[in-house]
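Text of the file upload_20.txt, holding compact mmCIF, C-alpha atoms and all ligand atoms:
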```txt
# COMPACT_ATOMS: atom_id res chain seq x y z
CA MET A 1 -31.29 -9.85 -15.86
CA MET A 2 -33.38 -7.61 -13.64
CA SER A 3 -36.46 -5.92 -15.03
CA THR A 4 -36.48 -2.11 -14.97
CA SER A 5 -39.10 -2.06 -12.20
CA GLU A 6 -37.06 -4.46 -10.05
CA LEU A 7 -33.98 -2.32 -10.56
CA LYS A 8 -35.90 0.85 -9.68
CA ALA A 9 -37.19 -0.77 -6.46
CA LYS A 10 -33.69 -1.87 -5.58
CA LEU A 11 -32.24 1.58 -6.16
CA GLY A 12 -35.07 3.02 -4.06
CA ASP A 13 -33.94 0.73 -1.20
CA TYR A 14 -30.38 1.94 -1.66
CA HIS A 15 -31.53 5.55 -1.57
CA SER A 16 -33.28 5.20 1.77
CA ARG A 17 -30.53 3.03 3.24
CA LEU A 18 -27.85 5.53 2.26
CA SER A 19 -29.73 8.27 4.11
CA SER A 20 -30.34 6.17 7.25
CA ARG A 21 -29.11 7.01 10.73
CA ASP A 22 -27.88 3.43 11.28
CA LEU A 23 -25.55 3.73 8.31
CA GLN A 24 -24.29 7.11 9.54
CA ILE A 25 -23.38 5.48 12.85
CA ALA A 26 -21.84 2.45 11.11
CA MET A 27 -19.61 4.71 9.04
CA LYS A 28 -18.53 6.73 12.08
CA VAL A 29 -17.61 3.48 13.87
CA HIS A 30 -15.84 2.28 10.71
CA THR A 31 -13.73 5.46 10.60
CA HIS A 32 -12.74 5.12 14.26
CA VAL A 33 -11.97 1.39 13.91
CA ARG A 34 -9.63 1.89 10.95
CA ARG A 35 -7.87 4.86 12.56
CA TYR A 36 -7.49 3.16 15.93
CA LEU A 37 -6.10 -0.07 14.48
CA GLY A 38 -3.85 1.68 11.96
CA ASP A 39 -2.42 3.96 14.69
CA TYR A 40 -1.99 0.98 17.02
CA LEU A 41 0.11 -0.87 14.47
CA PHE A 42 2.04 2.25 13.51
CA LYS A 43 3.02 2.66 17.19
CA GLU A 44 4.03 -1.02 17.27
CA GLY A 45 6.51 -0.33 14.44
CA PHE A 46 4.50 -1.83 11.54
CA THR A 47 4.76 -0.57 7.97
CA GLU A 48 1.49 -0.15 6.06
CA ILE A 49 1.63 -1.66 2.59
CA PRO A 50 -0.81 -0.77 -0.20
CA PRO A 51 -3.38 -3.38 -1.21
CA VAL A 52 -2.95 -5.70 -4.18
CA ILE A 53 -6.14 -6.08 -6.22
CA LEU A 54 -4.96 -8.19 -9.17
CA SER A 55 -2.22 -10.78 -9.32
CA PRO A 56 -1.41 -14.05 -11.10
CA MET A 57 -1.55 -15.70 -7.63
CA THR A 58 -3.96 -15.48 -4.75
CA ASP A 59 -5.19 -17.46 -1.76
CA PRO A 60 -6.71 -20.80 -2.87
CA LEU A 61 -9.03 -20.73 0.21
CA ASN A 62 -10.36 -23.92 1.71
CA HIS A 63 -13.91 -23.52 0.42
CA PRO A 64 -15.27 -23.09 -3.11
CA THR A 65 -15.81 -19.62 -4.57
CA LEU A 66 -16.51 -18.53 -8.14
CA ASP A 67 -13.20 -17.31 -9.47
CA PRO A 68 -13.20 -14.96 -12.43
CA VAL A 69 -9.88 -14.92 -14.27
CA PHE A 70 -8.77 -11.93 -16.34
CA SER A 71 -6.52 -12.05 -19.31
CA CYS A 72 -4.47 -8.86 -19.47
CA TYR A 73 -1.52 -8.27 -21.81
CA GLY A 74 -1.58 -12.00 -22.53
CA TYR A 75 -1.16 -12.92 -18.84
CA ARG A 76 -3.68 -14.52 -16.51
CA TYR A 77 -4.75 -12.47 -13.50
CA GLN A 78 -6.99 -13.24 -10.54
CA LEU A 79 -8.75 -10.94 -8.07
CA THR A 80 -7.32 -10.96 -4.56
CA LYS A 81 -9.06 -13.40 -2.21
CA SER A 82 -6.48 -12.59 0.46
CA MET A 83 -2.98 -11.14 0.43
CA ILE A 84 -1.43 -14.12 2.24
CA PHE A 85 1.37 -14.70 -0.31
CA HIS A 86 2.02 -11.00 -0.86
CA LYS A 87 2.32 -10.60 2.91
CA GLN A 88 5.03 -13.27 2.98
CA LEU A 89 6.85 -11.56 0.10
CA ALA A 90 6.53 -8.10 1.69
CA LEU A 91 8.41 -9.43 4.73
CA LEU A 92 11.51 -9.62 2.51
CA ASN A 93 11.43 -5.83 2.64
CA GLN A 94 9.98 -5.00 6.07
CA PRO A 95 9.91 -6.90 9.39
CA LYS A 96 6.27 -6.14 10.31
CA ILE A 97 3.61 -5.23 7.78
CA PHE A 98 -0.11 -4.57 7.64
CA CYS A 99 -2.62 -3.73 4.96
CA PHE A 100 -6.29 -2.76 4.84
CA SER A 101 -6.83 -5.25 2.08
CA PRO A 102 -9.98 -5.40 -0.08
CA ASN A 103 -10.80 -9.06 -0.75
CA LEU A 104 -13.07 -10.33 -3.50
CA ARG A 105 -14.50 -13.74 -2.77
CA PHE A 106 -17.50 -14.71 -4.83
CA GLU A 107 -18.99 -16.79 -2.03
CA PRO A 108 -21.70 -19.37 -2.75
CA THR A 109 -25.14 -17.67 -2.77
CA GLU A 110 -26.35 -19.59 0.31
CA ARG A 111 -23.62 -17.89 2.38
CA ALA A 112 -25.73 -14.70 2.22
CA GLU A 113 -27.92 -16.35 4.88
CA SER A 114 -25.09 -16.44 7.43
CA GLY A 115 -25.29 -12.68 8.01
CA ARG A 116 -21.45 -12.75 8.10
CA HIS A 117 -20.45 -13.05 4.43
CA LEU A 118 -20.04 -10.42 1.74
CA PHE A 119 -18.41 -11.02 -1.62
CA GLU A 120 -16.31 -7.88 -1.27
CA PHE A 121 -14.96 -6.99 2.15
CA THR A 122 -11.84 -5.61 3.78
CA GLN A 123 -9.53 -7.37 6.13
CA LEU A 124 -6.87 -5.80 8.22
CA ASP A 125 -4.19 -8.28 7.26
CA LEU A 126 -0.81 -8.36 8.98
CA GLU A 127 2.33 -10.46 9.16
CA ILE A 128 5.39 -10.46 11.42
CA ARG A 129 8.82 -11.81 10.49
CA ASP A 130 10.20 -14.57 12.77
CA ALA A 131 7.08 -14.50 14.98
CA ARG A 132 5.26 -17.42 16.59
CA ARG A 133 1.52 -17.96 16.79
CA GLU A 134 1.55 -16.76 20.42
CA ASP A 135 3.09 -13.40 19.40
CA ALA A 136 0.30 -12.83 16.87
CA MET A 137 -2.34 -13.82 19.44
CA ALA A 138 -0.92 -11.43 22.07
CA LEU A 139 -0.91 -8.61 19.50
CA LEU A 140 -4.53 -9.24 18.49
CA GLU A 141 -5.67 -9.44 22.12
CA GLY A 142 -4.03 -6.06 22.79
CA MET A 143 -5.61 -4.48 19.71
CA TYR A 144 -9.01 -5.97 20.45
CA THR A 145 -9.25 -5.02 24.13
CA GLY A 146 -7.80 -1.58 23.37
CA LEU A 147 -10.34 -1.01 20.60
CA MET A 148 -13.28 -2.06 22.77
CA ALA A 149 -12.20 0.29 25.58
CA TYR A 150 -11.61 3.12 23.08
CA SER A 151 -15.00 2.54 21.40
CA LYS A 152 -16.86 2.50 24.71
CA LYS A 153 -15.38 5.90 25.50
CA GLU A 154 -15.14 7.66 22.12
CA LEU A 155 -18.33 6.25 20.61
CA ALA A 156 -20.42 6.26 23.80
CA SER A 157 -23.30 8.34 22.39
CA GLU A 158 -23.52 6.26 19.17
CA LEU A 159 -23.47 2.99 21.14
CA LYS A 160 -26.17 4.34 23.45
CA GLU A 161 -28.30 5.29 20.44
CA MET A 162 -27.90 1.73 19.10
CA GLY A 163 -28.70 0.25 22.54
CA ARG A 164 -25.34 -1.55 22.45
CA ASP A 165 -23.63 -2.49 25.71
CA LEU A 166 -20.09 -3.25 24.59
CA LYS A 167 -17.88 -5.36 26.86
CA VAL A 168 -14.14 -4.88 27.31
CA PRO A 169 -12.83 -8.44 27.71
CA LYS A 170 -9.99 -9.54 29.95
CA SER A 171 -6.79 -10.75 28.34
CA PRO A 172 -5.62 -13.53 27.96
CA PHE A 173 -8.65 -14.94 26.16
CA LYS A 174 -9.70 -18.54 26.63
CA LYS A 175 -8.14 -21.09 24.23
CA ILE A 176 -9.98 -24.19 23.08
CA SER A 177 -8.46 -26.73 20.74
CA TYR A 178 -10.36 -27.56 17.55
CA ALA A 179 -10.45 -31.24 18.57
CA GLU A 180 -11.87 -30.45 22.02
CA ALA A 181 -14.52 -28.09 20.59
CA TYR A 182 -15.49 -30.63 17.91
CA GLU A 183 -15.78 -33.43 20.44
CA GLN A 184 -18.06 -31.39 22.71
CA TYR A 185 -20.30 -29.69 20.13
CA GLY A 186 -19.86 -31.45 16.80
CA ALA A 187 -19.62 -29.64 13.45
CA SER A 188 -21.52 -26.55 14.64
CA PHE A 189 -19.03 -25.90 17.47
CA GLU A 190 -18.10 -22.44 16.30
CA SER A 191 -21.60 -20.97 16.32
CA ASP A 192 -22.68 -22.95 19.41
CA LEU A 193 -19.69 -21.77 21.42
CA SER A 194 -19.98 -18.22 20.08
CA LYS A 195 -23.61 -18.08 21.33
CA GLU A 196 -22.63 -19.43 24.75
CA MET A 197 -19.68 -17.16 25.43
CA TYR A 198 -19.65 -13.63 26.82
CA GLU A 199 -15.98 -12.98 26.01
CA PRO A 200 -14.04 -13.57 22.78
CA PHE A 201 -12.10 -16.85 22.64
CA TRP A 202 -9.59 -18.73 20.51
CA ILE A 203 -9.94 -21.95 18.59
CA ILE A 204 -6.41 -23.30 18.15
CA ASP A 205 -4.69 -26.30 16.53
CA ILE A 206 -6.90 -26.53 13.46
CA PRO A 207 -6.45 -29.71 11.37
CA LEU A 208 -4.89 -29.69 7.96
CA SER A 209 -8.14 -30.70 6.26
CA ALA A 210 -9.91 -27.56 7.52
CA ARG A 211 -7.28 -25.05 6.33
CA GLU A 212 -5.19 -24.03 3.34
CA PHE A 213 -1.69 -25.41 2.63
CA TYR A 214 0.19 -22.33 3.76
CA ASP A 215 -0.41 -22.53 7.52
CA TYR A 216 2.48 -24.22 9.33
CA GLU A 217 2.08 -27.88 10.25
CA ASP A 218 3.10 -28.49 13.86
CA PRO A 219 6.23 -30.67 13.84
CA GLU A 220 5.04 -32.16 17.14
CA GLN A 221 1.47 -32.98 16.03
CA GLU A 222 1.19 -34.39 12.52
CA GLY A 223 -1.83 -33.06 10.64
CA ILE A 224 -2.35 -30.19 13.11
CA LEU A 225 -1.52 -26.60 12.20
CA ARG A 226 0.07 -23.87 14.33
CA ASP A 227 -2.89 -21.59 13.65
CA MET A 228 -5.86 -19.99 15.36
CA ASP A 229 -9.26 -18.37 14.90
CA LEU A 230 -10.58 -15.62 17.15
CA ILE A 231 -14.32 -15.98 17.76
CA TYR A 232 -16.63 -13.17 18.89
CA PRO A 233 -18.98 -13.85 21.79
CA GLU A 234 -22.78 -13.30 21.75
CA GLY A 235 -23.24 -15.40 18.61
CA PHE A 236 -21.31 -13.13 16.21
CA GLY A 237 -19.02 -15.97 15.08
CA GLU A 238 -15.54 -15.80 13.59
CA ALA A 239 -13.60 -12.53 13.87
CA SER A 240 -10.15 -13.50 12.63
CA SER A 241 -7.99 -16.34 11.31
CA GLY A 242 -4.25 -16.58 11.42
CA GLY A 243 -1.21 -18.65 12.27
CA GLU A 244 2.39 -19.43 11.54
CA ARG A 245 3.26 -20.00 7.87
CA GLU A 246 5.10 -22.54 5.78
CA TYR A 247 8.11 -20.76 4.28
CA GLU A 248 10.56 -23.49 3.23
CA HIS A 249 10.41 -24.63 -0.38
CA HIS A 250 10.33 -28.39 0.29
CA ARG A 251 7.67 -28.07 2.99
CA ILE A 252 5.44 -25.86 0.79
CA VAL A 253 5.67 -28.44 -2.02
CA GLU A 254 4.78 -31.25 0.41
CA ARG A 255 1.80 -29.32 1.78
CA ILE A 256 0.47 -28.44 -1.70
CA GLN A 257 0.68 -32.13 -2.59
CA LYS A 258 -1.03 -33.20 0.65
CA LYS A 259 -3.96 -30.91 -0.31
CA GLU A 260 -3.95 -32.52 -3.77
CA GLN A 261 -3.40 -29.13 -5.36
CA ASP A 262 -1.20 -28.36 -8.36
CA VAL A 263 2.32 -27.06 -7.65
CA ASN A 264 2.28 -25.35 -11.06
CA ASP A 265 -0.36 -22.94 -9.73
CA TYR A 266 2.14 -21.74 -7.10
CA GLU A 267 5.21 -21.28 -9.31
CA ILE A 268 5.73 -17.69 -8.15
CA LEU A 269 5.55 -18.55 -4.45
CA LEU A 270 7.82 -21.57 -4.92
CA GLU A 271 10.41 -19.63 -6.90
CA MET A 272 10.49 -16.97 -4.17
CA ALA A 273 10.70 -19.66 -1.47
CA SER A 274 13.64 -21.26 -3.26
CA LYS A 275 15.44 -17.91 -2.97
CA GLY A 276 14.46 -17.72 0.73
CA LEU A 277 11.44 -16.52 2.69
CA TYR A 278 11.25 -15.67 6.39
CA ALA A 279 9.43 -17.69 9.01
CA SER A 280 6.42 -15.62 10.06
CA ALA A 281 3.07 -15.46 11.78
CA GLY A 282 0.11 -13.19 11.21
CA PHE A 283 -3.63 -12.89 10.93
CA GLY A 284 -6.46 -11.14 9.14
CA ILE A 285 -9.46 -9.56 10.86
CA GLY A 286 -12.53 -8.62 8.85
CA ILE A 287 -13.38 -4.92 9.23
CA GLU A 288 -17.10 -5.17 8.38
CA ARG A 289 -17.54 -8.00 10.90
CA LEU A 290 -15.75 -5.90 13.50
CA VAL A 291 -17.97 -2.86 12.85
CA ARG A 292 -21.00 -5.16 12.94
CA TYR A 293 -19.90 -6.53 16.32
CA ILE A 294 -19.23 -3.11 17.86
CA CYS A 295 -22.61 -1.78 16.67
CA GLY A 296 -24.40 -5.03 17.55
CA PHE A 297 -26.02 -5.28 14.10
CA SER A 298 -27.81 -8.53 13.35
CA ARG A 299 -26.30 -8.70 9.85
CA ILE A 300 -23.01 -7.69 8.23
CA GLU A 301 -24.70 -5.67 5.45
CA ALA A 302 -25.57 -3.01 8.01
CA ALA A 303 -21.84 -2.41 8.58
CA ALA A 304 -20.97 -1.63 4.95
CA MET A 305 -21.77 1.43 2.86
CA PHE A 306 -22.11 -0.56 -0.36
CA PRO A 307 -22.53 -4.14 0.88
CA LYS A 308 -21.87 -6.91 -1.62
CA ILE A 309 -24.37 -9.61 -0.76
CA PRO A 310 -23.58 -13.02 -2.31
CA GLY A 311 -25.92 -13.78 -5.21
CA GLN A 312 -27.35 -10.27 -5.48
CA LEU A 313 -26.86 -7.33 -7.80
CA CYS A 314 -25.07 -4.77 -5.64
CA ILE A 315 -23.96 -1.31 -6.62
P1 LIG B 401 -9.96 -15.98 6.47
O1 LIG B 401 -8.47 -16.00 6.59
O2 LIG B 401 -10.48 -16.61 5.24
O3 LIG B 401 -10.61 -16.53 7.71
O4 LIG B 401 -10.37 -14.43 6.41
C1 LIG B 401 -9.93 -13.54 7.40
C2 LIG B 401 -11.08 -12.79 8.02
O5 LIG B 401 -11.76 -12.04 7.02
C3 LIG B 401 -12.17 -13.65 8.64
O6 LIG B 401 -11.85 -14.09 9.93
C4 LIG B 401 -13.35 -12.71 8.61
O7 LIG B 401 -13.30 -11.74 9.66
C5 LIG B 401 -13.14 -11.97 7.30
N1 LIG B 401 -13.92 -12.61 6.21
C6 LIG B 401 -13.61 -13.75 5.55
N2 LIG B 401 -14.51 -14.00 4.58
C7 LIG B 401 -15.42 -13.00 4.64
C8 LIG B 401 -16.60 -12.68 3.89
N3 LIG B 401 -16.99 -13.42 2.85
N4 LIG B 401 -17.28 -11.57 4.22
C9 LIG B 401 -16.87 -10.77 5.23
N5 LIG B 401 -15.77 -11.02 5.97
C10 LIG B 401 -15.05 -12.11 5.69
MG MG B 402 -11.22 -18.02 8.79
```
Written as structure tokens, that's how I'd like the structure from this file.
Ligand code: AMP
Ligand code: MG
Amino acid sequence: MMSTSELKAKLGDYHSRLSSRDLQIAMKVHTHVRRYLGDYLFKEGFTEIPPVILSPMTDPLNHPTLDPVFSCYGYRYQLTKSMIFHKQLALLNQPKIFCFSPNLRFEPTERAESGRHLFEFTQLDLEIRDARREDAMALLEGMYTGLMAYSKKELASELKEMGRDLKVPKSPFKKISYAEAYEQYGASFESDLSKEMYEPFWIIDIPLSAREFYDYEDPEQEGILRDMDLIYPEGFGEASSGGEREYEHHRIVERIQKKEQDVNDYEILLEMASKGLYASAGFGIGIERLVRYICGFSRIEAAAMFPKIPGQLCI
């Protein structure tokens, strides 16, 4: 537990941070980003769905997090780590959906050092019925380039104040396969490439071992998924992850088993899949990382009003 003097010092830091000009700018950018992206998707015919905070099922993720479990009314609930499965289910009702989805991922404490991880953040998460990876990539490129051009114009005075020279990249963005990137740069390929590049780029064809069971395995390349990450240039690292999804009952079972996970944990998804799910593709893009990139902040905390820093007491 924190001593009273430590807590007072911490709250003093909050007080000055909350009154800072940088945070005022961050919140203005945040407002514009959410409005621009929401309007963009509305014009593209998407339906906005409300976020899910608690559910008996959530994203297993491919890295360890601390996972509190709640017992409510005699049932076991988890906090949402991503809405991946709810997105697939929502497609039963609507052909194109998006959500500004709060995610709670109690990341390992050392992730605080990355400058890119919070334990509560929001992703703009979307999914499109019967779409391929390429459709999702084209959509994100349009949103991204449109947002950069809009920000340069509508937020010109704030960007000038921050000394930020924002680039509007040319579409289509460069695509690099995971295998190619790994061969050239080794395990640190993402940050090395991100530092080298001046335009955003894609990492595609990510292997099964590096991703969760729900991304679609390419029937033409065993062990390789039909998925993608969008990486910011200038060293800002990953912006978004997405891909096509497994939607057939027998394939989902096979993929859960390949990951050595327990099918019993995915009873709800499997029951729904046995009744029929749509093929789909989609992605999630982290809003705080996006605001951080637009403002050119060195760390993600600067882009959040009440940042949740892994390992710390945060209000
Ligand atoms: P994922 O599908 O796990 O890659 O998450 C989708 C997107 O959410 C990522 O590409 C990031 O932009 C964002 N994101 C993931 N984890 C975090 C985190 N701990 N803190 C802030 N943003 C995150
Ligand atoms: Mg990712």
For this session: Find, counting all atoms listed in the file, the residue in A:Gly286, A:Gly115, A:Pro219, A:Gly276 that gets nearest to ligand MG 402 (chain B).
Result: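 Of the candidates, the smallest distance to ligand MG 402 (chain B) is held by A:Gly286.
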Step by step, measure atom-to-atom distances between ligand MG 402 (chain B) and each residue using only C-alpha atoms and all ligand atoms, keep those at most 7 Å, then write them as a short mmCIF file (atom, residue, chain, number, x, y, z; two decimals) with C-alpha atoms, in the coordinates of the input.
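selection_35.cif was written with the following content:
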```cif
data_model
loop_
_atom_site.label_atom_id
_atom_site.label_comp_id
_atom_site.auth_asym_id
_atom_site.auth_seq_id
_atom_site.Cartn_x
_atom_site.Cartn_y
_atom_site.Cartn_z
CA ASP A 229 -9.26 -18.37 14.90
CA GLU A 238 -15.54 -15.80 13.59
CA SER A 240 -10.15 -13.50 12.63
CA SER A 241 -7.99 -16.34 11.31
#
```
Could you give me, as a Markdown table, a per-residue list for chain A showing, wherever an atom lies at most 10 Å from an atom of ligand LIG 401 (chain B), the closest pair of atoms and their distance in Å to one decimal, using only C-alpha atoms and all ligand atoms and sorting by chain then residue number from low to high?
```
| residue | atom | partner | partner_atom | distance |
| --- | --- | --- | --- | --- |
| A:Asp59 | CA | B:LIG401 | O2 | 8.8 |
| A:Pro60 | CA | B:LIG401 | O2 | 9.9 |
| A:Leu61 | CA | B:LIG401 | O2 | 6.7 |
| A:Asn62 | CA | B:LIG401 | O2 | 8.1 |
| A:His63 | CA | B:LIG401 | O2 | 9.1 |
| A:Thr65 | CA | B:LIG401 | N3 | 9.7 |
| A:Lys81 | CA | B:LIG401 | O2 | 8.2 |
| A:Ser82 | CA | B:LIG401 | O1 | 7.3 |
| A:Met83 | CA | B:LIG401 | O1 | 9.6 |
| A:Ile84 | CA | B:LIG401 | O1 | 8.5 |
| A:Ser101 | CA | B:LIG401 | O5 | 9.7 |
| A:Pro102 | CA | B:LIG401 | O5 | 9.9 |
| A:Asn103 | CA | B:LIG401 | C7 | 8.1 |
| A:Leu104 | CA | B:LIG401 | N3 | 8.1 |
| A:Arg105 | CA | B:LIG401 | N3 | 6.2 |
| A:Phe106 | CA | B:LIG401 | N3 | 7.8 |
| A:Glu107 | CA | B:LIG401 | N3 | 6.3 |
| A:Pro108 | CA | B:LIG401 | N3 | 9.4 |
| A:Arg111 | CA | B:LIG401 | N3 | 8.0 |
| A:Ala112 | CA | B:LIG401 | N3 | 8.9 |
| A:Ser114 | CA | B:LIG401 | N4 | 9.7 |
| A:Gly115 | CA | B:LIG401 | N4 | 8.9 |
| A:Arg116 | CA | B:LIG401 | C9 | 5.8 |
| A:His117 | CA | B:LIG401 | N4 | 3.5 |
| A:Leu118 | CA | B:LIG401 | N4 | 3.9 |
| A:Phe119 | CA | B:LIG401 | N3 | 5.3 |
| A:Glu120 | CA | B:LIG401 | N4 | 6.7 |
| A:Phe121 | CA | B:LIG401 | C9 | 5.2 |
| A:Thr122 | CA | B:LIG401 | N5 | 7.0 |
| A:Gln123 | CA | B:LIG401 | O5 | 5.3 |
| A:Leu124 | CA | B:LIG401 | O5 | 8.0 |
| A:Asp125 | CA | B:LIG401 | C1 | 7.8 |
| A:Arg211 | CA | B:LIG401 | O2 | 9.1 |
| A:Glu212 | CA | B:LIG401 | O1 | 9.3 |
| A:Met228 | CA | B:LIG401 | O3 | 9.6 |
| A:Asp229 | CA | B:LIG401 | O6 | 7.1 |
| A:Leu230 | CA | B:LIG401 | O6 | 7.5 |
| A:Ile231 | CA | B:LIG401 | O6 | 8.4 |
| A:Tyr232 | CA | B:LIG401 | O7 | 9.9 |
| A:Gly237 | CA | B:LIG401 | O7 | 8.9 |
| A:Glu238 | CA | B:LIG401 | O6 | 5.5 |
| A:Ala239 | CA | B:LIG401 | O7 | 4.3 |
| A:Ser240 | CA | B:LIG401 | O6 | 3.2 |
| A:Ser241 | CA | B:LIG401 | O3 | 4.5 |
| A:Gly242 | CA | B:LIG401 | O1 | 6.4 |
| A:Gly243 | CA | B:LIG401 | O1 | 9.6 |
| A:Phe283 | CA | B:LIG401 | O1 | 7.2 |
| A:Gly284 | CA | B:LIG401 | C1 | 4.6 |
| A:Ile285 | CA | B:LIG401 | O7 | 4.6 |
| A:Gly286 | CA | B:LIG401 | O7 | 3.3 |
| A:Ile287 | CA | B:LIG401 | O7 | 6.8 |
| A:Glu288 | CA | B:LIG401 | C9 | 6.4 |
| A:Arg289 | CA | B:LIG401 | O7 | 5.8 |
| A:Leu290 | CA | B:LIG401 | O7 | 7.4 |
| A:Ile300 | CA | B:LIG401 | C9 | 7.5 |
| A:Glu301 | CA | B:LIG401 | C9 | 9.3 |
| A:Pro307 | CA | B:LIG401 | N4 | 9.7 |
| A:Lys308 | CA | B:LIG401 | N4 | 8.8 |
| A:Ile309 | CA | B:LIG401 | N4 | 8.9 |
| A:Pro310 | CA | B:LIG401 | N3 | 8.4 |
```
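Counting from CA of Leu139 in chain A, the distance to CA of Gln94 in chain A is 17.7 Å.
Compared by their closest atoms to Glu190 in chain A, and using all atoms listed in the file, the residues A:Tyr178, A:Tyr36, A:Tyr214, A:Tyr14 rank with A:Tyr178 nearest.
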For this session: Could you check how far CA of Ala156 in chain A sits from CA of Val168 in chain A, in Å to one decimal?
Result: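 These atoms are spaced 13.3 Å apart.
Counting all atoms listed in the file and comparing A:Cys314, A:Met143, A:Ala303, A:Ile203, the residue that lies closest to Asp22 in chain A is A:Ala303.
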Contacts of Ala273 in chain A within 9 Å, all atoms listed in the file, excl. fewer than 4 positions in-chain, as a PDB file with C-alpha atoms, in the frame of the given file:
```
ATOM      1  CA  TYR A 247       8.110 -20.760   4.280  1.00  0.00           C
ATOM      2  CA  GLU A 248      10.560 -23.490   3.230  1.00  0.00           C
ATOM      3  CA  HIS A 249      10.410 -24.630  -0.380  1.00  0.00           C
ATOM      4  CA  HIS A 250      10.330 -28.390   0.290  1.00  0.00           C
ATOM      5  CA  ILE A 252       5.440 -25.860   0.790  1.00  0.00           C
ATOM      6  CA  ILE A 268       5.730 -17.690  -8.150  1.00  0.00           C
ATOM      7  CA  LEU A 269       5.550 -18.550  -4.450  1.00  0.00           C
ATOM      8  CA  LEU A 277      11.440 -16.520   2.690  1.00  0.00           C
ATOM      9  CA  TYR A 278      11.250 -15.670   6.390  1.00  0.00           C
TER      10      TYR A 278
END
```
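CA of Ala210 in chain A lies 12.2 Å from CA of Tyr182 in chain A.
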For this session: Name the closest residue to Ala131 in chain A among the candidates A:Gly282, A:Pro56, A:Gly74, A:Gly12; distances are taken between atoms, counting only C-alpha atoms.
Result: A:Gly282
Exercise. Of the residues A:Met305, A:Val33, A:Cys72, A:Leu79, which is the one nearest to Ser55 in chain A, using all atoms listed in the file?
Worked result: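 Selected residue with least distance to Ser55 in chain A: A:Leu79.
Comparing the minimum interatomic distances between Thr109 in chain A and each of A:Ser191, A:Gln261, A:Ser157, A:Gln312, counting all atoms listed in the file, we find that A:Gln312 sits nearest.
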For this session: Compile the contact shell of Val263 in chain A as a VMD selection string: residues with an atom at most 7 Å away, counting only C-alpha atoms, same-chain residues fewer than 4 positions apart removed.
Result: chain A and resid 253 256 267
So that each row is one residue of range 194-228 of chain A with an atom at most 12 Å from range 135-138 of chain A, can you give its shortest atom pair and the distance in Å to one decimal, using all atoms listed in the file, rows by chain and rising number, as JSON lines?
```
{"residue": "A:Phe201", "atom": "CA", "partner": "A:Met137", "partner_atom": "CA", "distance": 10.7}
{"residue": "A:Trp202", "atom": "CA", "partner": "A:Met137", "partner_atom": "CA", "distance": 8.8}
{"residue": "A:Ile203", "atom": "CA", "partner": "A:Met137", "partner_atom": "CA", "distance": 11.2}
{"residue": "A:Ile204", "atom": "CA", "partner": "A:Met137", "partner_atom": "CA", "distance": 10.4}
{"residue": "A:Arg226", "atom": "CA", "partner": "A:Ala136", "partner_atom": "CA", "distance": 11.3}
{"residue": "A:Asp227", "atom": "CA", "partner": "A:Met137", "partner_atom": "CA", "distance": 9.7}
{"residue": "A:Met228", "atom": "CA", "partner": "A:Met137", "partner_atom": "CA", "distance": 8.2}
```
Problem set entry | 10 Å contact set for Ala181 in chain A, only C-alpha atoms, chain neighbours under 4 positions out, as a PyMOL selection string | chain A and resi 176-177+185-190+192-193+203-204
For this session: Do a neighbour search on range 152-155 of chain A at 9 Å with only C-alpha atoms, toss out local chain neighbours closer than 4 positions, and write the hits as a PyMOL selection string.
Result: chain A and resi 28-29+32+147-148+159-160+165-168
Exercise. Near Gly296 in chain A, within 9 Å and counting only C-alpha atoms, which residues show up once chain neighbours fewer than 2 positions away are dropped, as a ChimeraX atom specification?
Worked result: /A:159,162-166,236,291-294,298-299
